[in-house]
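Engineer: Dumping the structure here so I can ask a few things about it.
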Amino acid sequence: MKIENNTQSNPFIDLIGDDHISSAAATPIRADAFEMDDELKVELIEKHFTEIMQILGLDLTDDSLSGTPHRVAKMYVKEIFSGLNPANKPKISMFENKYKYNQMLVEKNVTIYSNCEHHFVPIIGKAHVAYISNGQVIGLSKINRIVQYFSQRPQVQERLTIQIANELKNILNTEDVAVVIDAHHLCVSSRGVSDVNSSTITAEYGGAFLNPEKREEFLKYISLSI
């Protein structure tokens, strides 16, 4: 595996600047991303993060800082970016809709902790998810786990919204899925323009939720939390 280090100015990066873009619905990841095991990834990230801290001029002999490179490396691989690894995808069990509930089921205020792929700083917010059963139902906690799995990777909010919706469509075998995310981006509030009040709302609707009346019903259910 070869990782190139190009320190020359990239005109595309200079053109984008701080603009918020998403290149595709799939997370951009190399085909060989999981040839290296987690332990080696932690070891290498720890080494490189040590170099970053040293470049910043921090004294890694200080008791408070000496363990930081390892903590950051472990956090990246085992926690906040663990959703990159398909092995961590939640196992989903389906159940027959024996009670014949044919209205929308709404799970709102699902906590999102993700990280902006442009600056690697947090995205914090809530996801509101709905679906109409096509004969099967999913355990409520599994919706939270799906949201968590796709959140635990470098993200842009538009892609995260689509990924959650597409996964639920595939699992439930229905297009009748709606996802709304309302989130704060620390790349906006803690740097750059430093606007602490704004939030970003994205939505993905499929099937019955493309009907204005059904969509309005869903938005009415979640309006108490927005």
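Every chain in the structure tokens takes a letter, A first, then B, and so on in the order presented; its residues are numbered from 1, and the ligands are numbered from 1 following the presented order.
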Need the shell around Glu167 of chain A: protein/DNA/RNA residues with any atom at most 12 Å away, counting only C-alpha atoms. Skip same-chain ones fewer than 6 positions apart. Format as a list in words?
Structural biologist: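 Here the qualifying residues turn out to be Ala25, Ala26, Lys89, Pro90, Ile92, Val129, Tyr131, Lys142, Ile143, Arg145, Ile146, Val147, Tyr149, Phe150, Leu160, Thr161, Asn173, Thr174, Glu175, Val177, Ala178 and Val179 of chain A.
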Engineer: I need the chosen residues saved as a PDB file, in the first residue's frame, with N, CA and C atoms.
Structural biologist:
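Result file out-v8.pdb:
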ATOM      1  N   ALA A  25     -22.787   9.960  -2.826  1.00  0.00           N
ATOM      2  CA  ALA A  25     -23.581   9.408  -1.732  1.00  0.00           C
ATOM      3  C   ALA A  25     -22.814   8.363  -0.939  1.00  0.00           C
ATOM      4  N   ALA A  26     -21.833   7.731  -1.573  1.00  0.00           N
ATOM      5  CA  ALA A  26     -21.016   6.739  -0.875  1.00  0.00           C
ATOM      6  C   ALA A  26     -19.814   7.420  -0.230  1.00  0.00           C
ATOM      7  N   LYS A  89     -20.837  -2.848  11.206  1.00  0.00           N
ATOM      8  CA  LYS A  89     -22.226  -2.572  10.831  1.00  0.00           C
ATOM      9  C   LYS A  89     -23.162  -3.362  11.740  1.00  0.00           C
ATOM     10  N   PRO A  90     -24.193  -2.727  12.301  1.00  0.00           N
ATOM     11  CA  PRO A  90     -25.079  -3.427  13.246  1.00  0.00           C
ATOM     12  C   PRO A  90     -25.841  -4.557  12.588  1.00  0.00           C
ATOM     13  N   ILE A  92     -29.048  -6.561  12.055  1.00  0.00           N
ATOM     14  CA  ILE A  92     -30.447  -6.153  12.134  1.00  0.00           C
ATOM     15  C   ILE A  92     -31.361  -7.367  12.011  1.00  0.00           C
ATOM     16  N   VAL A 129     -36.504   9.927  12.018  1.00  0.00           N
ATOM     17  CA  VAL A 129     -36.633   8.860  11.032  1.00  0.00           C
ATOM     18  C   VAL A 129     -38.053   8.302  11.053  1.00  0.00           C
ATOM     19  N   TYR A 131     -40.816   5.396   8.863  1.00  0.00           N
ATOM     20  CA  TYR A 131     -41.060   4.438   7.786  1.00  0.00           C
ATOM     21  C   TYR A 131     -42.472   3.885   7.917  1.00  0.00           C
ATOM     22  N   LYS A 142     -32.602  -0.486  16.840  1.00  0.00           N
ATOM     23  CA  LYS A 142     -31.800  -0.712  15.644  1.00  0.00           C
ATOM     24  C   LYS A 142     -31.772   0.523  14.760  1.00  0.00           C
ATOM     25  N   ILE A 143     -32.830   1.316  14.807  1.00  0.00           N
ATOM     26  CA  ILE A 143     -32.816   2.580  14.057  1.00  0.00           C
ATOM     27  C   ILE A 143     -31.722   3.476  14.606  1.00  0.00           C
ATOM     28  N   ARG A 145     -29.042   2.518  16.111  1.00  0.00           N
ATOM     29  CA  ARG A 145     -27.736   1.936  15.784  1.00  0.00           C
ATOM     30  C   ARG A 145     -27.346   2.193  14.330  1.00  0.00           C
ATOM     31  N   ILE A 146     -28.327   2.197  13.439  1.00  0.00           N
ATOM     32  CA  ILE A 146     -28.047   2.514  12.039  1.00  0.00           C
ATOM     33  C   ILE A 146     -27.581   3.958  11.909  1.00  0.00           C
ATOM     34  N   VAL A 147     -28.278   4.868  12.583  1.00  0.00           N
ATOM     35  CA  VAL A 147     -27.881   6.272  12.575  1.00  0.00           C
ATOM     36  C   VAL A 147     -26.478   6.423  13.135  1.00  0.00           C
ATOM     37  N   TYR A 149     -24.063   4.165  13.302  1.00  0.00           N
ATOM     38  CA  TYR A 149     -23.053   3.542  12.437  1.00  0.00           C
ATOM     39  C   TYR A 149     -22.623   4.479  11.319  1.00  0.00           C
ATOM     40  N   PHE A 150     -23.576   5.085  10.618  1.00  0.00           N
ATOM     41  CA  PHE A 150     -23.224   5.964   9.509  1.00  0.00           C
ATOM     42  C   PHE A 150     -22.691   7.321   9.989  1.00  0.00           C
ATOM     43  N   LEU A 160     -24.791  11.770   4.892  1.00  0.00           N
ATOM     44  CA  LEU A 160     -25.262  11.036   6.061  1.00  0.00           C
ATOM     45  C   LEU A 160     -26.767  10.800   5.975  1.00  0.00           C
ATOM     46  N   THR A 161     -27.516  11.814   5.588  1.00  0.00           N
ATOM     47  CA  THR A 161     -28.972  11.705   5.461  1.00  0.00           C
ATOM     48  C   THR A 161     -29.353  10.641   4.444  1.00  0.00           C
ATOM     49  N   ASN A 173     -37.146  -3.216   2.907  1.00  0.00           N
ATOM     50  CA  ASN A 173     -37.700  -3.549   1.595  1.00  0.00           C
ATOM     51  C   ASN A 173     -38.888  -2.657   1.257  1.00  0.00           C
ATOM     52  N   THR A 174     -38.687  -1.365   1.447  1.00  0.00           N
ATOM     53  CA  THR A 174     -39.726  -0.390   1.128  1.00  0.00           C
ATOM     54  C   THR A 174     -39.079   0.941   0.786  1.00  0.00           C
ATOM     55  N   GLU A 175     -39.737   1.688  -0.083  1.00  0.00           N
ATOM     56  CA  GLU A 175     -39.302   3.049  -0.397  1.00  0.00           C
ATOM     57  C   GLU A 175     -39.912   4.055   0.571  1.00  0.00           C
ATOM     58  N   VAL A 177     -39.735   5.671   3.319  1.00  0.00           N
ATOM     59  CA  VAL A 177     -38.804   6.055   4.381  1.00  0.00           C
ATOM     60  C   VAL A 177     -38.577   7.558   4.314  1.00  0.00           C
ATOM     61  N   ALA A 178     -38.476   8.187   5.483  1.00  0.00           N
ATOM     62  CA  ALA A 178     -38.163   9.614   5.563  1.00  0.00           C
ATOM     63  C   ALA A 178     -37.094   9.829   6.629  1.00  0.00           C
ATOM     64  N   VAL A 179     -36.140  10.700   6.329  1.00  0.00           N
ATOM     65  CA  VAL A 179     -35.085  11.043   7.281  1.00  0.00           C
ATOM     66  C   VAL A 179     -34.869  12.546   7.239  1.00  0.00           C
TER      67      VAL A 179
END
Engineer: For a test of reading the model, state the distance in Å between atom CA of Ile123 of chain A and atom CA of His184 of chain A, rounded to one decimal.
Structural biologist: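 Pair atom CA of Ile123 of chain A / atom CA of His184 of chain A returns 5.7 Å.
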Engineer: Write out as a list in words each polymer residue whose atoms come within 12 Å of Ser66 of chain A, counting only C-alpha atoms; drop sequence neighbours fewer than 6 positions from it.
Structural biologist: Glu46, Phe49, Thr50, Met53, Gln54, Leu58, Asp59, Leu60 and Val72 of chain A
Engineer: Could those selected residues go to a file with N, CA and C atoms, as a PDB file, in the first residue's frame?
Structural biologist:
ATOM      1  N   GLU A  46      -1.037   6.964  16.135  1.00  0.00           N
ATOM      2  CA  GLU A  46      -0.370   7.478  17.335  1.00  0.00           C
ATOM      3  C   GLU A  46       0.975   8.113  16.965  1.00  0.00           C
ATOM      4  N   PHE A  49       0.293  11.367  14.982  1.00  0.00           N
ATOM      5  CA  PHE A  49      -0.282  12.436  15.801  1.00  0.00           C
ATOM      6  C   PHE A  49       0.751  12.987  16.779  1.00  0.00           C
ATOM      7  N   THR A  50       1.687  12.135  17.199  1.00  0.00           N
ATOM      8  CA  THR A  50       2.814  12.618  18.009  1.00  0.00           C
ATOM      9  C   THR A  50       3.587  13.673  17.240  1.00  0.00           C
ATOM     10  N   MET A  53       1.652  16.980  17.148  1.00  0.00           N
ATOM     11  CA  MET A  53       1.750  17.715  18.410  1.00  0.00           C
ATOM     12  C   MET A  53       3.133  18.345  18.585  1.00  0.00           C
ATOM     13  N   GLN A  54       4.157  17.622  18.140  1.00  0.00           N
ATOM     14  CA  GLN A  54       5.507  18.168  18.238  1.00  0.00           C
ATOM     15  C   GLN A  54       5.685  19.365  17.318  1.00  0.00           C
ATOM     16  N   LEU A  58       4.074  21.419  21.292  1.00  0.00           N
ATOM     17  CA  LEU A  58       3.638  20.924  22.594  1.00  0.00           C
ATOM     18  C   LEU A  58       4.701  20.021  23.215  1.00  0.00           C
ATOM     19  N   ASP A  59       4.766  20.050  24.526  1.00  0.00           N
ATOM     20  CA  ASP A  59       5.748  19.263  25.274  1.00  0.00           C
ATOM     21  C   ASP A  59       5.136  17.928  25.678  1.00  0.00           C
ATOM     22  N   LEU A  60       5.477  16.876  24.950  1.00  0.00           N
ATOM     23  CA  LEU A  60       4.876  15.577  25.199  1.00  0.00           C
ATOM     24  C   LEU A  60       5.451  14.868  26.423  1.00  0.00           C
ATOM     25  N   VAL A  72      -5.950   9.645  21.132  1.00  0.00           N
ATOM     26  CA  VAL A  72      -6.540  10.127  19.880  1.00  0.00           C
ATOM     27  C   VAL A  72      -6.607   8.998  18.852  1.00  0.00           C
TER      28      VAL A  72
END
Engineer: Out of segment 21-160 of chain A, which residues get strand (DSSP E or B) from DSSP, as a count of residues only?
Structural biologist: 32
Engineer: Give me the residues near Asp176 of chain A as a VMD selection string, where near means some atom within 9 Å (using only C-alpha atoms) and where sequence neighbours in that chain fewer than 6 positions away do not count.
Structural biologist: chain A and resid 104 130 to 134 169 205 to 210
Engineer: Env of Val77 of chain A: 9 Å cut, atoms = only C-alpha atoms, seq-sep filter 6 positions within chain, self excluded. Answer as a PyMOL selection string.
Structural biologist: chain A and resi 38-39+41-42+45+84
Engineer: Could you write out the selected residues, including N, CA and C atoms, as an mmCIF file, in the first residue's frame?
Structural biologist:
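What landed in selection-v3.cif:
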data_model
loop_
_atom_site.group_PDB
_atom_site.id
_atom_site.type_symbol
_atom_site.label_atom_id
_atom_site.label_comp_id
_atom_site.auth_asym_id
_atom_site.auth_seq_id
_atom_site.Cartn_x
_atom_site.Cartn_y
_atom_site.Cartn_z
ATOM 1 N N ASP A 38 -6.875 -3.084 13.007
ATOM 2 C CA ASP A 38 -7.098 -1.921 13.861
ATOM 3 C C ASP A 38 -5.896 -1.602 14.732
ATOM 4 N N GLU A 39 -5.219 -2.629 15.235
ATOM 5 C CA GLU A 39 -4.092 -2.405 16.133
ATOM 6 C C GLU A 39 -2.973 -1.654 15.420
ATOM 7 N N LYS A 41 -3.361 0.263 12.769
ATOM 8 C CA LYS A 41 -3.854 1.614 12.495
ATOM 9 C C LYS A 41 -3.661 2.519 13.710
ATOM 10 N N VAL A 42 -3.989 1.999 14.899
ATOM 11 C CA VAL A 42 -3.803 2.776 16.126
ATOM 12 C C VAL A 42 -2.333 3.132 16.306
ATOM 13 N N ILE A 45 -1.332 5.838 13.615
ATOM 14 C CA ILE A 45 -1.947 7.143 13.888
ATOM 15 C C ILE A 45 -1.310 7.780 15.118
ATOM 16 N N LEU A 84 -16.524 3.418 9.583
ATOM 17 C CA LEU A 84 -15.890 3.182 8.287
ATOM 18 C C LEU A 84 -15.766 1.694 7.990
#
Engineer: Tell me, as an MDAnalysis selection string, which residues lie within 7 Å of Thr111 of chain A, counting only C-alpha atoms; anything in the same chain fewer than 4 positions away does not count.
Structural biologist: chainID A and resid 125:127
Engineer: Restricting the calculation to only C-alpha atoms, which member of A:Asp182, A:Glu96, A:Asp32, A:Glu79 is positioned closest to Ser198 of chain A?
Structural biologist: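 Once distances to Ser198 of chain A are computed over only C-alpha atoms, the minimum belongs to A:Asp182.
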Engineer: For atom CA of Glu117 of chain A and atom CA of Val156 of chain A, quote the distance in Å rounded to one decimal.
Structural biologist: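 For atom CA of Glu117 of chain A relative to atom CA of Val156 of chain A, the distance reads 6.5 Å.
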Engineer: What does the structure give for the distance between atom CA of Glu107 of chain A and atom CA of Ile80 of chain A, in Å to one decimal?
Structural biologist: 22.8 Å
